$ cat structure_31.txt   # compact mmCIF, C-alpha atoms (C1' of nucleotides)
# COMPACT_ATOMS: atom_id res chain seq x y z
CA MET A 244 4.95 -23.76 -28.03
CA SER A 245 7.35 -22.33 -25.53
CA ILE A 246 5.27 -23.53 -22.60
CA TYR A 247 7.06 -26.86 -22.73
CA THR A 248 10.43 -25.14 -22.63
CA ASN A 249 9.21 -23.17 -19.67
CA ILE A 250 8.04 -26.30 -17.88
CA ALA A 251 11.30 -28.04 -18.74
CA ASN A 252 13.16 -25.35 -16.82
CA HIS A 253 11.69 -26.82 -13.66
CA ILE A 254 10.68 -30.43 -14.22
CA ALA A 255 11.33 -33.13 -16.81
CA LEU A 256 8.31 -34.60 -18.58
CA ASN A 257 8.71 -37.79 -20.56
CA PRO A 258 7.05 -38.04 -23.99
CA SER A 259 3.87 -39.74 -22.76
CA GLU A 260 3.44 -37.21 -19.97
CA ARG A 261 3.91 -34.39 -22.37
CA GLU A 262 1.43 -35.97 -24.72
CA TYR A 263 -1.14 -36.23 -21.97
CA LEU A 264 -0.60 -32.63 -20.94
CA ASP A 265 -0.94 -31.58 -24.54
CA THR A 266 -4.47 -32.98 -24.70
CA LYS A 267 -5.43 -30.57 -21.89
CA LEU A 268 -3.95 -27.45 -23.41
CA ARG A 269 -5.36 -25.39 -26.23
CA LEU A 270 -3.48 -22.72 -28.13
CA LYS A 271 -5.61 -19.71 -29.03
CA HIS A 272 -4.95 -16.62 -31.08
CA ILE A 273 -6.69 -13.56 -29.72
CA PRO A 274 -6.95 -10.10 -31.32
CA LYS A 275 -5.87 -6.88 -29.72
CA LYS A 276 -8.08 -5.29 -27.03
CA THR A 277 -10.17 -8.39 -26.42
CA MET A 278 -11.72 -9.16 -23.05
CA LEU A 279 -10.84 -12.68 -21.93
CA LEU A 280 -12.56 -12.39 -18.58
CA GLU A 281 -15.13 -9.91 -17.33
CA GLN A 282 -15.24 -8.89 -13.71
CA GLY A 283 -18.07 -10.83 -12.03
CA GLU A 284 -17.77 -13.93 -14.23
CA VAL A 285 -16.33 -17.15 -12.87
CA ALA A 286 -12.72 -17.46 -14.03
CA LYS A 287 -12.64 -20.72 -15.93
CA LYS A 288 -9.24 -20.46 -17.61
CA PHE A 289 -5.63 -20.06 -16.64
CA TYR A 290 -3.64 -18.55 -19.52
CA TYR A 291 -0.01 -18.99 -20.43
CA VAL A 292 1.25 -16.15 -22.61
CA ASP A 293 3.03 -17.51 -25.66
CA GLN A 294 3.01 -14.17 -27.46
CA GLY A 295 1.65 -10.72 -26.71
CA SER A 296 0.71 -8.93 -23.53
CA LEU A 297 -2.31 -8.55 -21.26
CA ARG A 298 -3.65 -6.58 -18.36
CA ALA A 299 -5.82 -7.56 -15.37
CA PHE A 300 -7.72 -4.76 -13.68
CA ASN A 301 -10.47 -4.10 -11.20
CA THR A 302 -13.14 -1.44 -11.69
CA ASN A 303 -14.70 -0.13 -8.50
CA THR A 304 -18.22 1.18 -7.96
CA LYS A 305 -17.11 4.69 -8.89
CA GLY A 306 -15.64 3.49 -12.17
CA LYS A 307 -12.03 3.81 -11.05
CA GLU A 308 -9.73 1.21 -12.61
CA SER A 309 -6.89 -0.43 -10.67
CA THR A 310 -4.44 -2.59 -12.57
CA ILE A 311 -3.56 -5.74 -10.66
CA MET A 312 -1.02 -7.12 -13.09
CA PHE A 313 0.39 -7.05 -16.57
CA ALA A 314 1.41 -10.29 -18.26
CA MET A 315 4.05 -10.68 -20.92
CA LYS A 316 5.48 -13.62 -22.84
CA ASP A 317 5.99 -16.68 -20.60
CA TRP A 318 3.83 -15.37 -17.80
CA TRP A 319 0.66 -17.06 -16.57
CA ILE A 320 -2.41 -14.97 -15.94
CA THR A 321 -5.93 -15.31 -14.58
CA ASP A 322 -7.91 -14.01 -11.63
CA MET A 323 -6.30 -16.58 -9.34
CA TYR A 324 -8.72 -15.91 -6.50
CA ALA A 325 -11.71 -16.56 -8.75
CA PHE A 326 -10.02 -19.44 -10.55
CA MET A 327 -9.03 -21.47 -7.53
CA ASN A 328 -12.31 -20.91 -5.73
CA GLN A 329 -14.46 -20.92 -8.87
CA LYS A 330 -16.08 -17.71 -7.72
CA PRO A 331 -16.92 -14.44 -9.52
CA ALA A 332 -13.82 -12.62 -10.70
CA LEU A 333 -12.68 -9.40 -9.04
CA VAL A 334 -10.87 -8.37 -12.19
CA SER A 335 -11.31 -8.19 -15.93
CA ILE A 336 -8.55 -9.37 -18.25
CA GLU A 337 -7.89 -7.83 -21.65
CA THR A 338 -5.28 -8.28 -24.34
CA LEU A 339 -3.12 -5.22 -24.99
CA GLU A 340 -2.07 -6.55 -28.38
CA LYS A 341 -2.51 -9.60 -30.59
CA CYS A 342 -1.85 -12.63 -28.39
CA ALA A 343 -1.13 -16.32 -28.64
CA LEU A 344 -2.30 -17.94 -25.41
CA VAL A 345 -2.26 -21.45 -24.05
CA GLU A 346 -5.51 -22.13 -22.22
CA LEU A 347 -5.80 -24.47 -19.26
CA ASP A 348 -9.23 -24.72 -17.77
CA PHE A 349 -10.05 -25.38 -14.14
CA LYS A 350 -11.21 -28.97 -14.51
CA ALA A 351 -8.30 -29.72 -16.82
CA MET A 352 -5.85 -28.31 -14.32
CA GLU A 353 -7.28 -30.48 -11.58
CA SER A 354 -6.93 -33.62 -13.67
CA VAL A 355 -3.48 -32.66 -14.90
CA LEU A 356 -2.26 -32.20 -11.33
CA ASP A 357 -3.88 -35.51 -10.44
CA LYS A 358 -2.42 -37.49 -13.33
CA LEU A 359 0.93 -35.71 -13.49
CA PRO A 360 1.85 -34.88 -9.89
CA LYS A 361 5.23 -33.69 -11.17
CA LEU A 362 3.42 -30.55 -12.22
CA GLU A 363 2.68 -29.78 -8.60
CA ARG A 364 6.35 -28.85 -8.37
CA TYR A 365 6.16 -26.65 -11.43
CA PHE A 366 3.19 -24.75 -10.07
CA ARG A 367 4.61 -24.68 -6.56
CA ILE A 368 7.63 -22.81 -7.88
CA LEU A 369 5.39 -20.59 -10.01
CA PHE A 370 3.18 -19.58 -7.09
CA GLN A 371 6.08 -19.24 -4.71
CA ARG A 372 7.65 -16.70 -7.04
CA ALA A 373 4.34 -14.98 -7.63
CA TYR A 374 3.88 -14.71 -3.86
CA VAL A 375 7.32 -13.16 -3.43
CA ARG A 376 6.68 -10.75 -6.28
CA GLU A 377 3.40 -9.56 -4.78
CA GLN A 378 4.93 -9.24 -1.35
CA LEU A 379 7.69 -7.05 -2.74
CA ARG A 380 5.05 -4.97 -4.47
CA VAL A 381 3.19 -4.54 -1.19
CA LEU A 382 6.40 -3.42 0.49
CA ASP A 383 7.01 -0.97 -2.32
CA ASN A 384 3.46 0.38 -2.04
CA ILE A 385 3.50 0.95 1.69
CA SER A 386 7.07 2.15 2.06
CA SER A 387 7.79 4.32 -0.99
CA ASP A 388 6.30 7.41 -2.54
CA VAL A 389 4.92 7.48 -6.06
CA GLU A 390 8.07 8.88 -7.66
CA GLN A 391 10.24 6.04 -6.37
CA ARG A 392 7.64 3.45 -7.34
CA TYR A 393 7.42 4.89 -10.84
CA PHE A 394 11.17 4.78 -11.48
CA ARG A 395 11.51 1.36 -9.89
CA PHE A 396 8.76 0.01 -12.13
CA ILE A 397 10.28 1.20 -15.40
CA GLU A 398 13.65 -0.09 -14.25
CA LYS A 399 12.31 -3.49 -13.18
CA TYR A 400 9.91 -3.98 -16.07
CA PRO A 401 11.30 -2.03 -19.04
CA ASP A 402 9.58 -4.37 -21.52
CA VAL A 403 6.20 -3.83 -19.85
CA SER A 404 6.74 -0.08 -19.69
CA ARG A 405 7.10 0.06 -23.45
CA LYS A 406 3.77 -1.64 -24.11
CA ILE A 407 1.43 0.18 -21.77
CA THR A 408 -0.05 3.66 -21.60
CA GLN A 409 0.72 6.05 -18.80
CA LYS A 410 -2.86 5.83 -17.68
CA GLN A 411 -2.50 2.09 -17.27
CA LEU A 412 0.74 2.48 -15.36
CA ALA A 413 -0.88 5.10 -13.13
CA SER A 414 -3.68 2.64 -12.34
CA TYR A 415 -1.04 0.01 -11.47
CA LEU A 416 0.80 2.38 -9.15
CA GLY A 417 -2.45 3.54 -7.60
CA VAL A 418 -2.31 7.20 -8.62
CA THR A 419 -4.11 9.46 -11.05
CA PRO A 420 -2.74 9.82 -14.59
CA GLU A 421 -2.49 13.59 -14.02
CA PHE A 422 -0.19 13.14 -11.07
CA LEU A 423 1.98 10.59 -12.86
CA SER A 424 2.32 13.05 -15.72
CA GLN A 425 3.66 15.67 -13.30
CA ILE A 426 6.22 13.28 -11.84
CA LYS A 427 7.47 12.29 -15.26
CA ASN A 428 7.93 15.89 -16.44
CA LYS A 429 9.94 16.95 -13.47
CA MET B 152 1.93 -30.85 16.79
CA SER B 153 -0.84 -29.37 14.73
CA ILE B 154 1.38 -29.10 11.67
CA TYR B 155 0.51 -32.67 10.78
CA THR B 156 -3.19 -31.91 11.03
CA ASN B 157 -2.61 -28.93 8.80
CA ILE B 158 -0.76 -31.02 6.25
CA ALA B 159 -3.41 -33.71 6.45
CA ASN B 160 -5.97 -31.15 5.32
CA HIS B 161 -4.31 -31.24 1.91
CA ILE B 162 -2.39 -34.47 1.47
CA ALA B 163 -2.23 -37.90 3.15
CA LEU B 164 1.13 -38.96 4.56
CA ASN B 165 1.66 -42.60 5.51
CA PRO B 166 3.43 -43.36 8.81
CA SER B 167 6.88 -43.75 7.28
CA GLU B 168 6.56 -40.52 5.32
CA ARG B 169 5.48 -38.72 8.41
CA GLU B 170 8.34 -40.22 10.32
CA TYR B 171 10.80 -39.02 7.71
CA LEU B 172 9.34 -35.53 7.73
CA ASP B 173 9.51 -35.51 11.49
CA THR B 174 13.30 -35.93 11.38
CA LYS B 175 13.51 -32.68 9.42
CA LEU B 176 11.33 -30.60 11.71
CA ARG B 177 12.26 -29.15 15.06
CA LEU B 178 9.84 -27.70 17.56
CA LYS B 179 11.14 -24.63 19.37
CA HIS B 180 9.81 -22.51 22.17
CA ILE B 181 10.66 -18.86 21.81
CA PRO B 182 10.08 -16.05 24.33
CA LYS B 183 8.15 -12.88 23.69
CA LYS B 184 9.80 -10.08 21.67
CA THR B 185 12.57 -12.23 20.24
CA MET B 186 14.15 -11.60 16.85
CA LEU B 187 14.15 -14.76 14.75
CA LEU B 188 15.62 -13.10 11.69
CA GLU B 189 17.42 -9.80 11.29
CA GLN B 190 17.14 -7.80 8.09
CA GLY B 191 20.32 -8.41 6.06
CA GLU B 192 20.90 -11.97 7.28
CA VAL B 193 20.27 -14.92 5.00
CA ALA B 194 16.91 -16.46 5.89
CA LYS B 195 17.73 -20.04 6.78
CA LYS B 196 14.44 -21.13 8.33
CA PHE B 197 10.82 -21.42 7.38
CA TYR B 198 8.61 -21.35 10.49
CA TYR B 199 5.25 -22.94 11.09
CA VAL B 200 3.39 -21.27 13.94
CA ASP B 201 2.13 -23.85 16.40
CA GLN B 202 1.35 -21.26 19.07
CA GLY B 203 1.77 -17.51 19.41
CA SER B 204 2.12 -14.72 16.89
CA LEU B 205 4.83 -12.95 14.93
CA ARG B 206 5.53 -9.95 12.77
CA ALA B 207 7.77 -9.45 9.71
CA PHE B 208 8.84 -5.89 8.95
CA ASN B 209 11.22 -3.88 6.87
CA THR B 210 13.12 -0.88 8.19
CA ASN B 211 14.18 1.64 5.55
CA THR B 212 17.22 3.89 5.54
CA LYS B 213 15.29 6.61 7.38
CA GLY B 214 14.29 4.18 10.13
CA LYS B 215 10.68 3.87 9.02
CA GLU B 216 9.19 0.44 9.68
CA SER B 217 6.80 -1.27 7.25
CA THR B 218 5.05 -4.43 8.37
CA ILE B 219 4.94 -7.04 5.62
CA MET B 220 2.93 -9.64 7.47
CA PHE B 221 1.68 -10.92 10.76
CA ALA B 222 1.60 -14.64 11.42
CA MET B 223 -0.78 -16.44 13.76
CA LYS B 224 -1.33 -20.07 14.72
CA ASP B 225 -1.12 -22.39 11.69
CA TRP B 226 0.55 -19.82 9.44
CA TRP B 227 3.98 -20.24 7.92
CA ILE B 228 6.40 -17.33 8.02
CA THR B 229 9.84 -16.38 6.75
CA ASP B 230 11.29 -13.82 4.37
CA MET B 231 10.31 -15.94 1.39
CA TYR B 232 12.37 -13.91 -1.05
CA ALA B 233 15.51 -14.38 1.03
CA PHE B 234 14.68 -17.98 1.88
CA MET B 235 14.12 -19.25 -1.62
CA ASN B 236 17.09 -17.40 -3.07
CA GLN B 237 19.29 -17.76 0.02
CA LYS B 238 19.99 -14.05 -0.10
CA PRO B 239 20.02 -11.32 2.59
CA ALA B 240 16.61 -10.76 4.09
CA LEU B 241 14.62 -7.62 3.39
CA VAL B 242 12.72 -8.01 6.63
CA SER B 243 13.24 -8.79 10.27
CA ILE B 244 10.95 -11.24 12.06
CA GLU B 245 10.07 -10.97 15.73
CA THR B 246 7.75 -12.81 18.08
CA LEU B 247 4.91 -10.72 19.48
CA GLU B 248 4.36 -13.17 22.32
CA LYS B 249 5.65 -16.51 23.60
CA CYS B 250 5.70 -18.86 20.60
CA ALA B 251 5.96 -22.52 19.76
CA LEU B 252 7.39 -22.79 16.26
CA VAL B 253 8.19 -25.67 13.96
CA GLU B 254 11.43 -24.94 12.14
CA LEU B 255 12.21 -26.20 8.66
CA ASP B 256 15.54 -25.10 7.28
CA PHE B 257 16.36 -24.50 3.65
CA LYS B 258 18.41 -27.62 3.01
CA ALA B 259 15.87 -29.71 4.91
CA MET B 260 13.06 -28.31 2.81
CA GLU B 261 14.90 -29.20 -0.37
CA SER B 262 15.44 -32.77 0.71
CA VAL B 263 11.91 -33.10 2.04
CA LEU B 264 10.49 -31.98 -1.31
CA ASP B 265 12.86 -34.37 -3.03
CA LYS B 266 12.05 -37.39 -0.88
CA LEU B 267 8.38 -36.65 -0.35
CA PRO B 268 7.14 -35.11 -3.61
CA LYS B 269 3.62 -35.24 -2.18
CA LEU B 270 4.59 -32.17 -0.21
CA GLU B 271 4.98 -30.24 -3.43
CA ARG B 272 1.20 -30.25 -3.53
CA TYR B 273 0.92 -29.04 0.04
CA PHE B 274 3.26 -26.14 -0.61
CA ARG B 275 1.72 -25.44 -4.01
CA ILE B 276 -1.61 -24.86 -2.32
CA LEU B 277 0.06 -22.85 0.43
CA PHE B 278 1.83 -20.51 -1.99
CA GLN B 279 -1.15 -20.26 -4.29
CA ARG B 280 -3.22 -18.97 -1.39
CA ALA B 281 -0.43 -16.71 -0.22
CA TYR B 282 -0.21 -15.27 -3.72
CA VAL B 283 -3.93 -14.59 -3.83
CA ARG B 284 -3.81 -13.01 -0.39
CA GLU B 285 -1.01 -10.65 -1.37
CA GLN B 286 -2.70 -9.78 -4.63
CA LEU B 287 -5.88 -8.85 -2.77
CA ARG B 288 -3.80 -6.75 -0.43
CA VAL B 289 -2.23 -4.94 -3.38
CA LEU B 290 -5.68 -4.26 -4.80
CA ASP B 291 -6.80 -2.95 -1.44
CA ASN B 292 -3.73 -0.70 -1.19
CA ILE B 293 -4.05 0.87 -4.61
CA SER B 294 -7.83 1.17 -4.75
CA SER B 295 -8.95 2.11 -1.24
CA ASP B 296 -8.23 4.91 1.18
CA VAL B 297 -6.79 4.32 4.64
CA GLU B 298 -10.12 4.35 6.42
CA GLN B 299 -11.54 1.55 4.30
CA ARG B 300 -8.34 -0.45 4.60
CA TYR B 301 -8.39 -0.06 8.37
CA PHE B 302 -11.94 -1.29 8.79
CA ARG B 303 -11.46 -4.08 6.30
CA PHE B 304 -8.38 -5.29 8.17
CA ILE B 305 -10.04 -5.50 11.57
CA GLU B 306 -13.00 -7.24 9.99
CA LYS B 307 -10.88 -9.74 8.05
CA TYR B 308 -8.31 -10.39 10.78
CA PRO B 309 -10.06 -9.79 14.13
CA ASP B 310 -7.71 -12.20 15.90
CA VAL B 311 -4.64 -10.37 14.59
CA SER B 312 -6.14 -7.00 15.47
CA ARG B 313 -6.38 -8.03 19.10
CA LYS B 314 -2.71 -8.93 19.41
CA ILE B 315 -1.01 -5.99 17.75
CA THR B 316 -0.47 -2.34 18.62
CA GLN B 317 -1.93 0.48 16.59
CA LYS B 318 1.54 1.50 15.59
CA GLN B 319 2.14 -1.94 14.11
CA LEU B 320 -1.17 -1.87 12.29
CA ALA B 321 -0.34 1.59 10.93
CA SER B 322 2.95 0.27 9.58
CA TYR B 323 1.06 -2.59 7.93
CA LEU B 324 -1.41 -0.22 6.30
CA GLY B 325 1.37 2.12 5.25
CA VAL B 326 0.33 5.18 7.26
CA THR B 327 1.58 7.03 10.31
CA PRO B 328 0.30 6.03 13.76
CA GLU B 329 -0.92 9.60 14.24
CA PHE B 330 -3.13 9.43 11.21
CA LEU B 331 -4.51 6.01 12.11
CA SER B 332 -5.38 7.38 15.52
CA GLN B 333 -7.42 10.15 13.89
CA ILE B 334 -9.33 7.70 11.73
CA LYS B 335 -10.20 5.50 14.69
CA ASN B 336 -11.52 8.37 16.78
CA LYS B 337 -13.84 9.70 14.15
C1' DC C 273 -9.33 13.99 -42.27
C1' DG C 274 -11.97 13.78 -38.23
C1' DT C 275 -12.94 11.55 -33.92
C1' DC C 276 -11.75 9.65 -29.75
C1' DT C 277 -8.72 8.96 -26.10
C1' DA C 278 -4.40 10.00 -23.75
C1' DT C 279 -1.48 13.44 -21.94
C1' DT C 280 -0.34 17.88 -20.15
C1' DT C 281 -1.05 22.01 -17.41
C1' DG C 282 -3.01 24.71 -13.76
C1' DA C 283 -5.97 26.11 -9.81
C1' DA C 284 -8.48 24.72 -5.90
C1' DT C 285 -9.28 21.11 -2.57
C1' DG C 286 -8.60 17.23 0.29
C1' DT C 287 -5.78 13.64 2.27
C1' DA C 288 -1.96 12.24 4.84
C1' DC C 289 2.49 13.58 7.00
C1' DT C 290 5.72 16.06 10.28
C1' DC C 291 6.72 17.88 14.47
C1' DA C 292 5.70 18.81 19.09
C1' DA C 293 3.49 18.18 23.36
C1' DA C 294 0.31 15.97 26.50
C1' DA C 295 -2.07 12.00 28.16
C1' DG C 296 -2.52 7.01 28.74
C1' DC C 297 -0.82 2.43 29.58
C1' DG C 298 2.09 -1.58 30.71
C1' DG C 299 5.84 -3.54 32.73
C1' DT C 300 9.42 -3.47 36.27
C1' DG C 301 11.71 -2.82 40.51
C1' DG C 302 11.58 -1.23 45.03
C1' DC D 201 1.26 -2.99 45.58
C1' DC D 202 2.59 1.28 44.13
C1' DA D 203 5.56 4.55 41.66
C1' DC D 204 8.26 5.33 37.99
C1' DC D 205 9.95 4.77 33.32
C1' DG D 206 9.47 4.12 28.54
C1' DC D 207 6.63 3.53 24.86
C1' DT D 208 2.10 4.11 22.65
C1' DT D 209 -1.70 6.88 21.67
C1' DT D 210 -3.93 11.22 21.24
C1' DT D 211 -4.40 16.01 19.80
C1' DG D 212 -3.36 20.03 17.15
C1' DA D 213 -1.02 23.27 13.95
C1' DG D 214 1.44 23.78 9.86
C1' DT D 215 3.12 21.57 5.59
C1' DA D 216 3.59 18.44 1.71
C1' DC D 217 1.67 15.18 -1.28
C1' DA D 218 -1.89 13.70 -4.28
C1' DT D 219 -6.64 14.39 -6.12
C1' DT D 220 -10.40 16.68 -8.62
C1' DC D 221 -12.07 19.34 -12.18
C1' DA D 222 -11.52 21.83 -16.28
C1' DA D 223 -9.45 23.04 -20.48
C1' DA D 224 -5.89 22.83 -23.96
C1' DT D 225 -2.77 19.94 -26.68
C1' DA D 226 -1.09 15.85 -28.65
C1' DG D 227 -1.47 11.18 -30.58
C1' DA D 228 -3.66 7.01 -32.34
C1' DC D 229 -6.70 4.91 -35.39
C1' DG D 230 -10.26 4.11 -38.60
$ encode --input "structure_31.txt" --output "structure tokens"
Amino acid sequence: MSIYTNIANHIALNPSEREYLDTKLRLKHIPKKTMLLEQGEVAKKFYYVDQGSLRAFNTNTKGKESTIMFAMKDWWITDMYAFMNQKPALVSIETLEKCALVELDFKAMESVLDKLPKLERYFRILFQRAYVREQLRVLDNISSDVEQRYFRFIEKYPDVSRKITQKQLASYLGVTPEFLSQIKNK
Amino acid sequence: MSIYTNIANHIALNPSEREYLDTKLRLKHIPKKTMLLEQGEVAKKFYYVDQGSLRAFNTNTKGKESTIMFAMKDWWITDMYAFMNQKPALVSIETLEKCALVELDFKAMESVLDKLPKLERYFRILFQRAYVREQLRVLDNISSDVEQRYFRFIEKYPDVSRKITQKQLASYLGVTPEFLSQIKNK
DNA sequence: CGTCTATTTGAATGTACTCAAAAGCGGTGG
DNA sequence: CCACCGCTTTTGAGTACATTCAAATAGACG
């Protein structure tokens, strides 16, 4: 499981620590196009992507979908708002392809952080980066037009671009698929 | 200094730990309309707002300003991208009024986290919340029109709304001041 | 092969921007 | 304390960007 390699990039766990952590994690194989979380449910799990790719998206009252994030190998994904507050999720999460995911549930995460405070550092770095990433996305959204955002996305995330439909990318950029189509073919 | 109260909300520091931390922090009084960081400079400091309010904004090549965040009492602010990577800042930071700020510089933060690993937890929670906040802002940006975003902002951050100009709010929402004016007077 | 969804194309509409000018407001100096 | 200056806010006309709706085409998948 590459999650331990990923963790080892930031902190060093000794064998007994790793063993303890291992009791709290569960590797799951999930088919393509499977809903892991439905908008409105409490988000109970935090997923580490060992293989495959996923999408988190909100559906508004008019049925319009907005993609909040894509997750690829070595990313973590959940509805973090709903997970940390144990409240109803604002987004649904679906697999885009066959996935291998490491599940960490809310209670387990609390006890892991309690028993292995070293992991606070791991998650601190994780969230710090996630914060920076989202802030850059906000800047992009409010300062650039759709064309720039489109080209910047495919440049920054070429691997993601290959796995998603244009409709999904449009819903990530916050535009209609029709308009994105026009930009592309220009 | 209310920073210790703020920290105490999340973790318990014993007197010697607090004393150590105190050697790394520096309280500064800054006048109104002062630039703490200029876009392009390396961000050396992370600021905790003890009193007053601030604004972080990017200026693009055409001179258009985009406000990334406002910071009020008990918020932390810096260009986190530039701070954590020690790279040139994408934003400038200015005081909106007379401020009392607690400064933590990059090297100091590294040694504080090293010597007082308890603080990893404090910052983990801080960044986790910041991440969620930015993610909700992204969702708002891509799924709602300007009018909704405007009303949601003044409802969610009434205290911020009172301290900033409409032009600044427009640059936070990603619209022109002229258009925001129209929305308001409708 | 047929069905379902994604993508493209186009016309009409609506949303937000640009530019310009006038009015309002806050701070500063006399 | 008032008058002036500079910046913010308002208002309006014309333009550009992005959406909606509809229909045709292309692709994916069972």
$ residues_around --input "structure_31.txt" --residues "DA288 (chain C)" --least-positions-apart "4" --cutoff "8 Å" --atoms "all atoms listed in the file" --output "ChimeraX atom specification"
/B:326,330 /D:217
$ residues_near_point --input "structure_31.txt" --point "(-3.1, -6.0, -10.0)" --cutoff "8 Å" --atoms "only C-alpha atoms (C1' of nucleotides)" --output "ChimeraX atom specification"
/A:299-301,309-313,415 /B:286,289-290
$ write_last_selection --input "structure_31.txt" --atoms "C-alpha atoms" --output "compact mmCIF listing (two decimals), in the frame of the given file"
# COMPACT_ATOMS: atom_id res chain seq x y z
CA ALA A 299 -5.82 -7.56 -15.37
CA PHE A 300 -7.72 -4.76 -13.68
CA ASN A 301 -10.47 -4.10 -11.20
CA SER A 309 -6.89 -0.43 -10.67
CA THR A 310 -4.44 -2.59 -12.57
CA ILE A 311 -3.56 -5.74 -10.66
CA MET A 312 -1.02 -7.12 -13.09
CA PHE A 313 0.39 -7.05 -16.57
CA TYR A 415 -1.04 0.01 -11.47
CA GLN B 286 -2.70 -9.78 -4.63
CA VAL B 289 -2.23 -4.94 -3.38
CA LEU B 290 -5.68 -4.26 -4.80
$ interface_residues --input "structure_31.txt" --of "chain D" --to "chain B" --cutoff "12 Å" --atoms "all atoms listed in the file" --output "list in words"
DC207, DT208, DT209, DT210, DT211 and DG212 of chain D
$ residues_around --input "structure_31.txt" --residues "Leu344 (chain A)" --least-positions-apart "4" --cutoff "10 Å" --atoms "only C-alpha atoms (C1' of nucleotides)" --output "PDB file with C-alpha atoms, in the frame of the given file"
ATOM      1  CA  MET A 244       4.950 -23.760 -28.030  1.00  0.00           C
ATOM      2  CA  ILE A 246       5.270 -23.530 -22.600  1.00  0.00           C
ATOM      3  CA  LEU A 268      -3.950 -27.450 -23.410  1.00  0.00           C
ATOM      4  CA  ARG A 269      -5.360 -25.390 -26.230  1.00  0.00           C
ATOM      5  CA  LEU A 270      -3.480 -22.720 -28.130  1.00  0.00           C
ATOM      6  CA  LYS A 271      -5.610 -19.710 -29.030  1.00  0.00           C
ATOM      7  CA  HIS A 272      -4.950 -16.620 -31.080  1.00  0.00           C
ATOM      8  CA  ILE A 273      -6.690 -13.560 -29.720  1.00  0.00           C
ATOM      9  CA  PHE A 289      -5.630 -20.060 -16.640  1.00  0.00           C
ATOM     10  CA  TYR A 290      -3.640 -18.550 -19.520  1.00  0.00           C
ATOM     11  CA  TYR A 291      -0.010 -18.990 -20.430  1.00  0.00           C
ATOM     12  CA  VAL A 292       1.250 -16.150 -22.610  1.00  0.00           C
ATOM     13  CA  ASP A 293       3.030 -17.510 -25.660  1.00  0.00           C
ATOM     14  CA  GLN A 294       3.010 -14.170 -27.460  1.00  0.00           C
ATOM     15  CA  GLY A 295       1.650 -10.720 -26.710  1.00  0.00           C
ATOM     16  CA  SER A 296       0.710  -8.930 -23.530  1.00  0.00           C
ATOM     17  CA  LYS A 316       5.480 -13.620 -22.840  1.00  0.00           C
ATOM     18  CA  ASP A 317       5.990 -16.680 -20.600  1.00  0.00           C
ATOM     19  CA  TRP A 319       0.660 -17.060 -16.570  1.00  0.00           C
ATOM     20  CA  ILE A 320      -2.410 -14.970 -15.940  1.00  0.00           C
TER      21      ILE A 320
END
$ interface_residues --input "structure_31.txt" --of "chain C" --to "chain A" --cutoff "8 Å" --atoms "all atoms listed in the file" --output "JSON, numbers by chain"
{"C": [278, 279, 280]}
$ interface_residues --input "structure_31.txt" --of "chain B" --to "chain A" --cutoff "9 Å" --atoms "all atoms listed in the file" --output "number ranges by chain"
B: 209, 211, 215-219, 230-232, 235, 264, 268-290, 292-294, 322-326
$ atom_distance --input "structure_31.txt" --atom1 "CA of Ile244 (chain B)" --atom2 "CA of Thr212 (chain B)"
17.6 Å
$ atom_distance --input "structure_31.txt" --atom1 "CA of Glu245 (chain B)" --atom2 "C1' of DT300 (chain C)"
21.9 Å
$ atom_distance --input "structure_31.txt" --atom1 "CA of Ser153 (chain B)" --atom2 "CA of Arg313 (chain B)"
22.5 Å
$ residues_around --input "structure_31.txt" --residues "DG230 (chain D)" --least-positions-apart "6" --cutoff "12 Å" --atoms "only C-alpha atoms (C1' of nucleotides)" --output "ChimeraX atom specification"
/C:273-276
$ write_last_selection --input "structure_31.txt" --atoms "C-alpha atoms (C1' of nucleotides)" --output "compact mmCIF listing (two decimals), keeping the file's coordinate frame"
# COMPACT_ATOMS: atom_id res chain seq x y z
C1' DC C 273 -9.33 13.99 -42.27
C1' DG C 274 -11.97 13.78 -38.23
C1' DT C 275 -12.94 11.55 -33.92
C1' DC C 276 -11.75 9.65 -29.75
$ closest_residue --input "structure_31.txt" --among "A:Ala413, A:Leu339, A:Leu347, A:Leu280" --to "Arg392 (chain A)" --atoms "only C-alpha atoms"
A:Ala413
$ residues_near_point --input "structure_31.txt" --point "(-8.2, -23.6, -17.9)" --cutoff "10 Å" --atoms "all atoms listed in the file" --output "list in words"
Lys267, Leu268, Arg269, Ala286, Lys287, Lys288, Phe289, Tyr290, Tyr291, Thr321, Phe326, Val345, Glu346, Leu347, Asp348, Phe349, Lys350, Ala351, Met352 and Glu353 of chain A
$ residues_around --input "structure_31.txt" --residues "DC204 (chain D)" --least-positions-apart "3" --cutoff "12 Å" --atoms "only C-alpha atoms (C1' of nucleotides)" --output "ChimeraX atom specification"
/C:298-302
